[in-house]
>>> print(open('target.txt').read())   # compact mmCIF, C-alpha atoms
# COMPACT_ATOMS: atom_id res chain seq x y z
CA MET A 789 89.49 58.80 105.54
CA LYS A 790 93.23 58.75 106.20
CA ARG A 791 93.32 62.52 106.09
CA LEU A 792 90.39 62.68 108.51
CA MET A 793 92.19 60.29 110.88
CA ARG A 794 95.35 62.34 110.70
CA ILE A 795 93.41 65.50 111.55
CA ARG A 796 91.76 63.73 114.51
CA SER A 797 95.10 62.42 115.76
CA VAL A 798 96.53 65.91 115.58
CA ARG A 799 93.50 67.14 117.52
CA ILE A 800 94.03 64.52 120.25
CA LEU A 801 97.69 65.48 120.48
CA ALA A 802 96.67 69.15 120.61
CA VAL A 803 94.24 68.41 123.49
CA ALA A 804 97.03 66.62 125.38
CA LEU A 805 99.39 69.54 124.72
CA VAL A 806 96.77 72.05 125.92
CA ILE A 807 96.24 69.99 129.10
CA ALA A 808 100.00 69.88 129.65
CA LEU A 809 100.34 73.61 128.92
CA ILE A 810 97.58 74.55 131.37
CA SER A 811 99.21 72.31 133.96
CA ALA A 812 102.68 73.72 133.32
CA LEU A 813 101.34 77.26 133.64
CA SER A 814 99.42 76.39 136.80
CA VAL A 815 102.63 74.89 138.28
CA SER A 816 104.56 78.04 137.36
CA PHE A 817 102.00 80.40 138.85
CA SER A 818 101.33 78.42 142.02
CA ALA A 819 103.83 78.19 144.82
CA SER A 820 102.60 74.72 145.78
CA GLY A 821 104.46 72.81 143.06
CA ARG A 822 101.25 70.97 142.12
CA ASP A 823 99.53 71.34 138.75
CA LEU A 824 95.88 72.19 138.22
CA ILE A 825 94.79 69.03 136.35
CA THR A 826 96.40 66.58 138.79
CA THR A 827 95.04 68.57 141.72
CA GLY A 828 91.53 68.52 140.25
CA ALA A 829 91.71 64.82 139.43
CA ASN A 830 93.12 64.15 142.90
CA VAL A 831 90.18 65.92 144.54
CA VAL A 832 87.76 63.72 142.56
CA LEU A 833 89.72 60.50 143.15
CA GLN A 834 90.71 61.17 146.77
CA PRO A 835 87.67 59.42 148.35
CA VAL A 836 88.10 56.41 146.05
CA ARG A 837 91.83 56.16 146.78
CA ALA A 838 91.22 56.60 150.51
CA GLY A 839 88.51 53.91 150.37
CA VAL A 840 90.71 51.43 148.51
CA SER A 841 93.62 52.26 150.81
CA PHE A 842 91.37 51.54 153.83
CA VAL A 843 90.21 48.20 152.41
CA VAL A 844 93.79 47.19 151.52
CA GLY A 845 94.91 48.21 155.02
CA GLU A 846 92.21 46.06 156.60
CA PHE A 847 93.24 43.09 154.48
CA GLU A 848 96.86 43.64 155.43
CA HIS A 849 95.92 43.68 159.11
CA MET A 850 93.97 40.47 158.68
CA TYR A 851 96.87 38.90 156.77
CA ARG A 852 99.32 39.92 159.45
CA TYR A 853 97.10 38.51 162.18
CA MET A 854 96.58 35.21 160.37
CA PHE A 855 99.99 34.54 158.88
CA ARG A 856 102.46 36.45 160.98
CA TYR A 857 101.48 35.20 164.39
CA ASP A 858 104.79 33.38 164.89
CA LYS A 859 106.71 36.47 163.87
CA LEU A 860 104.69 38.60 166.32
CA GLN A 861 105.34 36.06 169.06
CA GLU A 862 109.04 36.24 168.30
CA GLU A 863 108.90 40.05 168.31
CA ASN A 864 107.03 39.98 171.61
CA ASN A 865 109.75 37.83 173.17
CA ARG A 866 112.42 40.12 171.78
CA LEU A 867 110.63 43.20 173.17
CA LYS A 868 110.28 41.53 176.57
CA ALA A 869 114.02 40.90 176.56
CA GLU A 870 114.60 44.53 175.59
CA ILE A 871 112.34 45.76 178.42
CA ALA A 872 114.30 43.62 180.87
CA LYS A 873 117.51 45.13 179.53
CA ILE A 874 116.09 48.66 179.81
CA GLU A 875 114.97 47.99 183.38
CA ASP A 876 118.49 46.84 184.13
CA GLN A 877 119.87 49.98 182.55
CA TYR A 878 117.39 52.11 184.50
CA ARG A 879 118.94 50.87 187.73
CA GLY A 880 122.10 52.59 186.67
CA TYR A 881 120.17 55.77 185.89
CA ASP A 882 122.33 58.09 187.98
CA GLU A 883 125.38 57.03 186.11
CA VAL A 884 123.66 57.50 182.76
CA TYR A 885 122.28 60.87 183.83
CA ALA A 886 125.75 62.07 184.76
CA GLU A 887 127.11 60.86 181.44
CA ASN A 888 124.24 62.55 179.63
CA GLU A 889 125.01 65.83 181.35
CA ARG A 890 128.66 65.50 180.42
CA LEU A 891 127.78 64.80 176.78
CA ARG A 892 125.35 67.72 176.71
CA GLY A 893 128.09 69.99 177.88
CA LEU A 894 130.43 68.48 175.35
CA LEU A 895 128.08 68.89 172.43
CA ASP A 896 126.79 72.26 173.59
CA LEU A 897 123.26 71.12 173.00
CA LYS A 898 120.46 73.28 174.21
CA GLU A 899 117.52 71.73 175.95
CA VAL A 900 115.31 70.35 173.22
CA ARG A 901 111.98 72.06 173.25
CA VAL A 902 108.94 70.23 172.10
CA ASP A 903 106.68 73.19 171.49
CA TYR A 904 105.39 71.94 168.18
CA THR A 905 102.14 72.76 166.48
CA MET A 906 101.16 69.59 164.67
CA GLU A 907 98.53 68.45 162.24
CA ALA A 908 97.60 64.76 162.19
CA ALA A 909 97.19 63.24 158.73
CA THR A 910 96.39 59.90 157.15
CA ILE A 911 98.38 58.45 154.27
CA ILE A 912 96.11 58.13 151.22
CA SER A 913 98.54 56.45 148.88
CA TRP A 914 102.22 55.78 148.24
CA SER A 915 103.79 56.85 144.96
CA ALA A 916 103.86 53.97 142.50
CA SER A 917 107.22 55.15 141.17
CA ASN A 918 110.30 53.02 141.73
CA PHE A 919 112.50 56.08 141.39
CA GLU A 920 111.23 58.08 144.36
CA SER A 921 109.95 57.47 147.86
CA SER A 922 106.93 59.62 148.58
CA PHE A 923 103.31 59.42 149.67
CA THR A 924 100.19 61.56 149.65
CA ILE A 925 98.41 62.64 152.85
CA ASP A 926 94.83 63.79 153.32
CA ARG A 927 95.74 67.26 154.64
CA GLY A 928 96.78 70.29 152.62
CA SER A 929 97.20 74.03 152.74
CA SER A 930 93.67 74.44 154.17
CA SER A 931 94.97 72.71 157.33
CA GLY A 932 97.83 75.19 157.66
CA ILE A 933 100.44 72.95 156.08
CA GLU A 934 103.20 74.61 154.07
CA LEU A 935 105.91 73.41 151.73
CA LYS A 936 109.03 72.06 153.48
CA ASP A 937 107.14 71.37 156.72
CA THR A 938 108.60 68.42 158.63
CA VAL A 939 106.62 65.19 158.90
CA ILE A 940 107.12 62.82 161.83
CA ASP A 941 105.53 59.59 163.08
CA GLN A 942 103.84 59.02 166.45
CA PHE A 943 107.22 58.32 168.08
CA SER A 944 108.69 61.64 166.83
CA ASN A 945 110.90 59.91 164.25
CA VAL A 946 111.50 61.96 161.12
CA VAL A 947 109.49 60.66 158.17
CA GLY A 948 110.15 63.36 155.56
CA THR A 949 109.17 66.79 154.34
CA ILE A 950 106.27 68.29 152.38
CA THR A 951 107.31 68.73 148.75
CA GLU A 952 104.00 69.30 146.96
CA LEU A 953 100.87 70.92 148.24
CA SER A 954 97.26 71.37 147.23
CA GLU A 955 94.25 72.63 149.16
CA THR A 956 93.30 69.23 150.56
CA THR A 957 96.30 66.97 149.97
CA ALA A 958 100.08 67.12 150.24
CA VAL A 959 102.94 65.00 148.98
CA VAL A 960 105.59 63.96 151.49
CA SER A 961 109.04 62.98 150.21
CA THR A 962 110.54 60.61 152.76
CA VAL A 963 114.04 60.95 154.22
CA ILE A 964 115.27 58.12 151.98
CA ASP A 965 114.12 59.85 148.76
CA THR A 966 116.94 61.05 146.50
CA SER A 967 115.74 64.65 146.84
CA SER A 968 115.96 64.57 150.66
CA SER A 969 118.78 66.39 152.43
CA VAL A 970 118.72 67.04 156.18
CA GLY A 971 121.28 68.61 158.49
CA ALA A 972 122.20 65.80 160.89
CA LEU A 973 124.08 65.21 164.09
CA VAL A 974 125.34 61.98 165.65
CA SER A 975 123.99 62.38 169.16
CA ASP A 976 126.58 60.05 170.72
CA THR A 977 129.67 61.84 169.38
CA GLY A 978 128.52 65.26 168.22
CA ASP A 979 129.76 64.68 164.66
CA THR A 980 127.77 66.64 162.14
CA GLY A 981 126.94 65.89 158.53
CA ILE A 982 124.20 65.79 155.97
CA ALA A 983 121.72 62.90 155.97
CA ARG A 984 120.83 62.41 152.33
CA GLY A 985 118.71 60.11 150.27
CA ASP A 986 120.70 57.96 147.85
CA PHE A 987 119.10 56.00 145.01
CA ALA A 988 120.92 52.72 145.62
CA ARG A 989 120.27 52.97 149.36
CA MET A 990 116.61 54.02 148.87
CA GLN A 991 115.61 50.57 147.69
CA GLU A 992 117.21 49.03 150.77
CA GLY A 993 115.27 51.52 152.90
CA THR A 994 118.37 53.34 154.15
CA LEU A 995 120.07 56.68 153.56
CA LYS A 996 123.60 57.97 153.91
CA MET A 997 125.18 60.60 156.12
CA ASP A 998 128.08 62.33 154.42
CA TYR A 999 130.19 65.49 154.82
CA LEU A 1000 131.58 63.88 157.96
CA ALA A 1001 134.81 65.04 159.53
CA ASP A 1002 137.88 62.94 158.59
CA ASP A 1003 138.38 61.92 162.22
CA ALA A 1004 134.75 60.99 162.83
CA GLU A 1005 134.59 57.73 164.76
CA LEU A 1006 131.19 56.21 164.30
CA ILE A 1007 129.91 52.87 165.48
CA SER A 1008 126.81 50.94 164.46
CA GLY A 1009 123.89 51.75 166.71
CA PHE A 1010 124.71 55.42 167.21
CA SER A 1011 121.66 57.66 166.88
CA VAL A 1012 121.42 60.28 164.15
CA ILE A 1013 119.23 63.27 164.96
CA THR A 1014 118.32 66.49 163.17
CA SER A 1015 120.77 69.31 163.78
CA GLY A 1016 118.19 72.02 163.09
CA SER A 1017 120.87 74.00 161.27
CA SER A 1018 118.59 75.01 158.41
CA GLY A 1019 115.92 76.39 160.72
CA LEU A 1020 113.31 74.48 158.71
CA MET A 1021 113.36 71.41 160.91
CA PRO A 1022 113.32 71.23 164.71
CA LYS A 1023 116.51 70.14 166.42
CA GLY A 1024 116.79 66.74 168.07
CA LEU A 1025 114.30 64.66 166.09
CA LEU A 1026 115.48 61.10 165.58
CA ILE A 1027 116.29 60.28 161.94
CA GLY A 1028 117.72 56.80 162.42
CA ARG A 1029 120.61 54.71 163.61
CA ILE A 1030 123.97 54.07 162.02
CA THR A 1031 124.11 50.56 160.60
CA GLY A 1032 127.32 50.74 158.59
CA MET A 1033 130.22 52.87 157.41
CA ASN A 1034 131.83 53.41 154.04
CA ILE A 1035 135.41 54.52 154.57
CA SER A 1036 137.75 55.52 151.75
CA PRO A 1037 141.54 55.56 152.26
CA SER A 1038 141.76 59.29 151.52
CA GLY A 1039 138.97 60.13 153.94
CA VAL A 1040 137.18 62.00 151.20
CA GLY A 1041 133.81 60.44 150.51
CA ASN A 1042 133.43 58.78 153.90
CA TYR A 1043 129.84 58.24 154.78
CA ALA A 1044 127.73 56.41 157.32
CA ILE A 1045 124.77 54.25 156.37
CA VAL A 1046 121.72 55.26 158.38
CA THR A 1047 118.62 53.10 158.80
CA PRO A 1048 115.56 55.25 159.56
CA THR A 1049 113.86 54.52 162.86
CA THR A 1050 110.44 55.01 161.37
CA ASP A 1051 108.93 51.89 159.81
CA PHE A 1052 107.72 52.93 156.35
CA GLY A 1053 106.13 49.51 155.80
CA THR A 1054 103.52 49.96 158.52
CA LEU A 1055 103.18 53.73 158.46
CA SER A 1056 99.58 54.86 158.03
CA PHE A 1057 99.30 58.03 160.17
CA VAL A 1058 101.76 60.91 160.37
CA TYR A 1059 102.04 64.33 162.02
CA VAL A 1060 103.03 67.47 160.14
CA ILE A 1061 104.92 70.03 162.22
CA THR A 1062 103.39 73.30 161.07
CA ASP A 1063 105.17 75.48 163.62
CA PHE A 1064 107.87 75.10 166.26
CA ASP A 1065 110.02 77.14 168.62
CA SER A 1066 113.59 76.88 167.44
CA MET B 56 92.30 46.80 109.90
CA ARG B 57 91.68 47.93 113.42
CA TYR B 58 88.65 46.73 115.33
CA GLY B 59 85.52 48.64 114.49
CA GLY B 60 81.88 47.60 114.81
CA THR B 61 78.79 49.76 115.03
CA ARG B 62 78.82 53.05 116.89
CA PHE B 63 77.02 51.35 119.79
CA HIS B 64 79.70 48.67 120.00
CA ILE B 65 82.47 51.26 119.90
CA VAL B 66 80.83 53.24 122.72
CA LEU B 67 80.33 50.05 124.73
CA ARG B 68 83.96 49.05 124.25
CA SER B 69 85.17 52.55 125.12
CA VAL B 70 83.22 52.50 128.39
CA GLY B 71 84.82 49.11 129.07
CA TYR B 72 88.30 50.53 128.46
CA VAL B 73 87.65 53.51 130.74
CA ILE B 74 86.60 51.12 133.52
CA LEU B 75 89.64 48.93 132.75
CA LEU B 76 91.98 51.93 133.04
CA PHE B 77 90.45 53.00 136.37
CA VAL B 78 90.65 49.46 137.77
CA PHE B 79 94.29 49.11 136.73
CA PHE B 80 95.01 52.60 138.09
CA LEU B 81 93.68 51.50 141.50
CA LEU B 82 95.63 48.24 141.23
CA GLN B 83 98.86 50.13 140.47
CA ASP B 84 98.19 52.89 142.99
CA SER B 85 96.90 50.92 145.97
CA ILE B 86 97.54 47.20 145.64
CA PHE B 87 100.77 46.60 143.75
CA SER B 88 102.49 49.64 145.28
CA SER B 89 102.61 47.57 148.48
CA LEU B 90 103.65 44.35 146.71
CA PRO B 91 107.19 45.04 145.51
CA ILE B 92 109.43 42.33 144.10
CA TRP B 93 113.11 42.93 144.96
CA GLY B 94 112.03 46.39 146.04
CA VAL B 95 110.47 47.23 142.68
CA ARG B 96 106.79 47.90 141.87
CA PRO B 97 105.13 47.42 138.48
CA LEU B 98 104.13 50.20 136.08
CA ILE B 99 100.85 48.90 134.71
CA LEU B 100 99.12 51.85 133.01
CA PRO B 101 101.57 52.16 130.08
CA VAL B 102 100.95 48.45 129.36
CA CYS B 103 97.18 49.12 129.48
CA CYS B 104 97.60 52.04 127.08
CA THR B 105 99.67 49.88 124.70
CA ALA B 106 97.14 47.02 124.73
CA ILE B 107 94.20 49.34 124.05
CA ALA B 108 96.00 51.38 121.38
CA LEU B 109 97.17 48.22 119.60
CA SER B 110 93.63 46.92 119.27
CA GLU B 111 91.85 50.26 118.72
CA GLY B 112 94.18 52.05 116.34
CA MET B 113 95.80 55.48 116.25
CA GLU B 114 92.81 57.73 116.83
CA ARG B 115 91.19 56.03 119.83
CA GLY B 116 94.61 54.85 121.06
CA GLY B 117 95.63 58.50 121.39
CA ALA B 118 92.43 59.37 123.23
CA PHE B 119 92.88 56.53 125.75
CA GLY B 120 96.55 57.53 125.97
CA VAL B 121 95.45 60.93 127.36
CA LEU B 122 93.34 59.25 130.07
CA ALA B 123 96.04 56.67 130.91
CA GLY B 124 98.59 59.50 131.09
CA VAL B 125 96.50 61.63 133.46
CA LEU B 126 95.96 58.61 135.75
CA CYS B 127 99.66 57.72 135.60
CA ASP B 128 100.51 61.29 136.56
CA ILE B 129 98.22 61.02 139.58
CA ALA B 130 99.88 57.76 140.63
CA ILE B 131 103.45 58.94 140.00
CA GLY B 132 103.28 62.67 139.35
CA ASN B 133 106.90 63.46 138.60
CA PRO B 134 107.57 65.38 136.39
CA PRO B 135 104.12 67.04 136.46
CA MET B 136 101.90 66.00 133.53
CA GLY B 137 104.81 64.31 131.80
CA PHE B 138 103.01 60.99 131.43
CA THR B 139 99.99 62.70 129.85
CA ILE B 140 102.10 63.78 126.89
CA LEU B 141 104.16 60.60 126.82
CA LEU B 142 101.25 58.14 126.89
CA THR B 143 99.29 60.21 124.36
CA LEU B 144 102.24 59.86 122.01
CA VAL B 145 102.47 56.17 122.92
CA GLY B 146 98.76 55.71 122.14
CA LEU B 147 99.11 57.44 118.78
CA GLY B 148 102.36 55.65 117.92
CA VAL B 149 101.28 52.14 118.94
CA GLY B 150 97.91 52.67 117.25
CA TRP B 151 99.65 53.73 114.05
CA LEU B 152 101.98 50.70 114.19
CA GLY B 153 98.96 48.43 114.70
CA ASP B 154 97.13 50.09 111.83
CA SER B 155 99.96 49.95 109.34
CA LEU B 156 103.07 47.93 110.13
CA MET B 157 102.58 45.29 112.80
CA GLY B 158 100.17 42.44 113.34
CA ARG B 159 97.80 42.46 116.29
CA ASN B 160 98.85 39.51 118.39
CA PHE B 161 100.24 38.73 121.82
CA LEU B 162 103.87 38.78 120.68
CA THR B 163 103.45 42.27 119.21
CA LEU B 164 101.87 43.42 122.47
CA VAL B 165 104.82 42.06 124.49
CA VAL B 166 107.39 43.64 122.14
CA LEU B 167 105.65 47.03 122.06
CA SER B 168 104.98 46.98 125.82
CA THR B 169 108.68 46.30 126.45
CA ALA B 170 109.63 49.26 124.25
CA VAL B 171 107.04 51.53 125.90
CA LEU B 172 108.12 50.52 129.42
CA LEU B 173 111.76 51.21 128.56
CA ILE B 174 110.81 54.63 127.16
CA CYS B 175 108.80 55.37 130.34
CA ALA B 176 111.75 54.29 132.51
CA PHE B 177 114.10 56.51 130.50
CA PHE B 178 111.66 59.37 131.02
CA GLN B 179 111.52 58.65 134.78
CA THR B 180 115.27 58.24 135.25
CA PHE B 181 116.60 61.01 133.04
CA ARG B 182 116.35 63.67 135.77
CA LEU B 183 118.05 61.40 138.31
CA PHE B 184 120.88 60.53 135.92
CA ALA B 185 121.43 63.98 134.44
CA PHE B 186 120.91 66.24 137.45
CA GLN B 187 121.32 64.11 140.56
CA HIS B 188 124.18 61.97 139.16
CA VAL B 189 122.64 58.69 140.27
CA PRO B 190 124.85 55.79 139.07
CA LEU B 191 123.66 54.29 135.77
CA GLY B 192 124.04 50.73 137.07
CA ALA B 193 121.50 51.21 139.87
CA LEU B 194 119.05 52.90 137.51
CA THR B 195 119.44 50.15 134.89
CA ARG B 196 118.81 47.41 137.45
CA THR B 197 115.60 49.09 138.63
CA THR B 198 114.53 49.79 135.05
CA LEU B 199 114.95 46.14 134.02
CA LEU B 200 113.17 44.83 137.11
CA GLN B 201 110.32 47.32 136.64
CA THR B 202 109.98 46.32 132.96
CA ALA B 203 110.04 42.58 133.73
CA TYR B 204 107.49 42.89 136.56
CA SER B 205 105.18 45.09 134.46
CA LEU B 206 105.30 42.74 131.48
CA PHE B 207 103.41 40.10 133.48
CA PHE B 208 100.34 42.30 133.07
CA THR B 209 100.35 41.84 129.29
CA ILE B 210 98.79 38.39 129.92
CA PRO B 211 95.57 39.52 131.66
CA LEU B 212 95.40 42.68 129.55
CA ALA B 213 95.62 40.78 126.25
CA GLY B 214 92.77 38.57 127.45
CA LEU B 215 90.64 41.47 128.70
CA VAL B 216 91.12 43.60 125.59
CA ASN B 217 90.42 40.63 123.28
CA ARG B 218 87.27 39.79 125.22
CA SER B 219 86.17 43.41 125.06
CA VAL B 220 86.70 43.40 121.29
CA ALA B 221 84.87 40.08 120.92
CA ARG B 222 81.89 41.40 122.84
CA GLY B 223 81.98 44.81 121.25
CA GLY B 224 81.96 43.43 117.71
>>> encode(input="target.txt", output="structure tokens")
Amino acid sequence: MKRLMRIRSVRILAVALVIALISALSVSFSASGRDLITTGANVVLQPVRAGVSFVVGEFEHMYRYMFRYDKLQEENNRLKAEIAKIEDQYRGYDEVYAENERLRGLLDLKEVRVDYTMEAATIISWSASNFESSFTIDRGSSSGIELKDTVIDQFSNVVGTITELSETTAVVSTVIDTSSSVGALVSDTGDTGIARGDFARMQEGTLKMDYLADDAELISGFSVITSGSSGLMPKGLLIGRITGMNISPSGVGNYAIVTPTTDFGTLSFVYVITDFDS
Amino acid sequence: MRYGGTRFHIVLRSVGYVILLFVFFLLQDSIFSSLPIWGVRPLILPVCCTAIALSEGMERGGAFGVLAGVLCDIAIGNPPMGFTILLTLVGLGVGWLGDSLMGRNFLTLVVLSTAVLLICAFFQTFRLFAFQHVPLGALTRTTLLQTAYSLFFTIPLAGLVNRSVARGG
């Protein structure tokens, strides 16, 4: 009996190893970075996950409506105040326009073109891992999406990039994920750097911008945009705003803390930029 | 002795466990992924695998470990298929411990679940620590929070698995 059990246990382990081997081979031979078994299981489970995600979303909406009314009221008042402030600023438009022109000249920025080809997608599920920040969308290579395509929200804020791809789904690693690294530019000063995901910052929902010049003078509230230096991401997309600085006496290891402008907590639809004019 | 019963009871219990794994997969994937505590979400499927393997023994524990691993890979997916191997080994190992060395009770489930969750966390964090040089302190904090949060699920799982055994004979 014991011998029989041992043989069966070895068989179960062998089945698991075969599954893993097939998957490993399928990952090696496919350029998508996605294995065959997970892809197959995903295809089967996609409608269920999308259904559950929809139901959870509806409950969340209901919860927000019922229990966050005061918060929404507060936000509404804050937004009204902001609109009033913007209207006030708009009156000084000429002055701002002149300053903008001067800064453009200073930074040698080209006119940002918005000739993007985009594919709208719905978020099916977020990764359950505490060690990465990624989610799965309901569009894949059949919709023209490719690896490393940029993903933005409806306000053109950078959300992340495509890191895994199957026929009908794709995995997006967000800008705060530890694997994320984006060429960045502080639009107010022209300082360049790399906006990178950092594990400790990821759980606070922020990222850091390092490789800054020693004399970089950054202030909280400055906007960080994509520099487009890699050619993989369009130039001028808003990544976030600077909310802090970490300055070392030597200047080496200085970095800015950047809070993404996209709200990951409420994100349910995204756009994948499949093509753009650089 | 592990729990047995007639073939019919074993099949009935197995169907129950498959449903249990799918339900907890959906809970982990869709519900608790948006309910973090101090920014950390629970890892439920390894606890499920441990509870089932402890009550069912090495052979069936390994088989349910394969299913739990595939589902965990769908929910987490990094490294590809890693959890399939890991949870199969967990199923076989916990089942063997239940068969030979340890008693089948709630305390054993908590102890083994803690060990399994720590192994899973080591497996998840190794790449970050070794190749991306993420500070050990930050990883340890997340690991401990993830383990503590996930251990809450031993309570309903112990009840569900015991009930399944009681009904299955």
>>> closest_residue(input="target.txt", among="B:Ile65, B:Ile92, B:Leu215, B:Leu206", to="chain A", atoms="only C-alpha atoms")
B:Ile92
>>> residues_around(input="target.txt", residues="Phe178 (chain B)", least_positions_apart="4", cutoff="10 Å", atoms="all atoms listed in the file", output="VMD selection string")
chain B and resid 133 to 134 137 to 138 141 172 to 174 182 to 183
>>> atom_distance(input="target.txt", atom1="CA of Thr977 (chain A)", atom2="CA of Lys873 (chain A)")
23.0 Å
>>> closest_residue(input="target.txt", among="B:Arg96, B:Ser89, B:Gly112, B:Cys104", to="Leu156 (chain B)", atoms="only C-alpha atoms")
B:Gly112
>>> residues_around(input="target.txt", residues="Gln991 (chain A)", least_positions_apart="5", cutoff="12 Å", atoms="all atoms listed in the file", output="list in words")
Ser917, Asn918, Phe919, Glu920, Ser921, Ile964, Asp965, Thr966, Gly985, Asp986, Thr1047 and Phe1052 of chain A; Pro91, Ile92, Trp93, Gly94, Val95, Arg96, Ala193, Leu194, Arg196 and Thr197 of chain B
>>> interface_residues(input="target.txt", of="chain B", to="chain A", cutoff="9 Å", atoms="all atoms listed in the file", output="JSON, numbers by chain")
{"B": [81, 83, 84, 85, 86, 87, 88, 89, 93, 94, 95, 96, 97, 98, 113, 114, 115, 117, 118, 121, 125, 126, 127, 128, 129, 130, 131, 132, 133, 135, 136, 137, 139, 140, 143, 144, 147, 179, 180, 183, 187, 189, 190, 193, 194, 197, 198, 201]}
>>> residues_around(input="target.txt", residues="region 1017-1033 of chain A", least_positions_apart="4", cutoff="8 Å", atoms="all atoms listed in the file", output="PyMOL selection string")
chain A and resi 900+936-938+944-947+971+1006-1013+1042-1050+1064-1066
>>> closest_residue(input="target.txt", among="A:Met850, A:Ile982, A:Asp976, A:Ile940", to="Ser961 (chain A)", atoms="all atoms listed in the file")
A:Ile940
>>> build_atoms(input="target.txt", residues="region 85-97 of chain B", atoms="N, CA and C atoms", output="PDB file, keeping the file's coordinate frame")
ATOM      1  N   SER B  85      97.194  51.350 144.603  1.00  0.00           N
ATOM      2  CA  SER B  85      96.900  50.920 145.970  1.00  0.00           C
ATOM      3  C   SER B  85      97.315  49.495 146.294  1.00  0.00           C
ATOM      4  N   ILE B  86      97.256  48.603 145.327  1.00  0.00           N
ATOM      5  CA  ILE B  86      97.540  47.200 145.640  1.00  0.00           C
ATOM      6  C   ILE B  86      99.013  46.861 145.361  1.00  0.00           C
ATOM      7  N   PHE B  87      99.425  47.047 144.109  1.00  0.00           N
ATOM      8  CA  PHE B  87     100.770  46.600 143.750  1.00  0.00           C
ATOM      9  C   PHE B  87     101.868  47.539 144.266  1.00  0.00           C
ATOM     10  N   SER B  88     101.477  48.751 144.686  1.00  0.00           N
ATOM     11  CA  SER B  88     102.490  49.640 145.280  1.00  0.00           C
ATOM     12  C   SER B  88     102.968  49.080 146.615  1.00  0.00           C
ATOM     13  N   SER B  89     102.147  48.186 147.231  1.00  0.00           N
ATOM     14  CA  SER B  89     102.610  47.570 148.480  1.00  0.00           C
ATOM     15  C   SER B  89     103.026  46.107 148.266  1.00  0.00           C
ATOM     16  N   LEU B  90     103.179  45.717 147.004  1.00  0.00           N
ATOM     17  CA  LEU B  90     103.650  44.350 146.710  1.00  0.00           C
ATOM     18  C   LEU B  90     104.902  44.398 145.830  1.00  0.00           C
ATOM     19  N   PRO B  91     105.980  44.969 146.347  1.00  0.00           N
ATOM     20  CA  PRO B  91     107.190  45.040 145.510  1.00  0.00           C
ATOM     21  C   PRO B  91     107.902  43.702 145.396  1.00  0.00           C
ATOM     22  N   ILE B  92     108.567  43.501 144.265  1.00  0.00           N
ATOM     23  CA  ILE B  92     109.430  42.330 144.100  1.00  0.00           C
ATOM     24  C   ILE B  92     110.852  42.860 143.978  1.00  0.00           C
ATOM     25  N   TRP B  93     111.735  42.395 144.836  1.00  0.00           N
ATOM     26  CA  TRP B  93     113.110  42.930 144.960  1.00  0.00           C
ATOM     27  C   TRP B  93     113.076  44.460 145.058  1.00  0.00           C
ATOM     28  N   GLY B  94     112.115  44.953 145.798  1.00  0.00           N
ATOM     29  CA  GLY B  94     112.030  46.390 146.040  1.00  0.00           C
ATOM     30  C   GLY B  94     111.445  47.193 144.894  1.00  0.00           C
ATOM     31  N   VAL B  95     110.960  46.514 143.871  1.00  0.00           N
ATOM     32  CA  VAL B  95     110.470  47.230 142.680  1.00  0.00           C
ATOM     33  C   VAL B  95     108.973  46.948 142.465  1.00  0.00           C
ATOM     34  N   ARG B  96     108.237  48.024 142.118  1.00  0.00           N
ATOM     35  CA  ARG B  96     106.790  47.900 141.870  1.00  0.00           C
ATOM     36  C   ARG B  96     106.510  47.991 140.372  1.00  0.00           C
ATOM     37  N   PRO B  97     105.404  47.406 139.932  1.00  0.00           N
ATOM     38  CA  PRO B  97     105.130  47.420 138.480  1.00  0.00           C
ATOM     39  C   PRO B  97     104.545  48.751 138.003  1.00  0.00           C
TER      40      PRO B  97
END
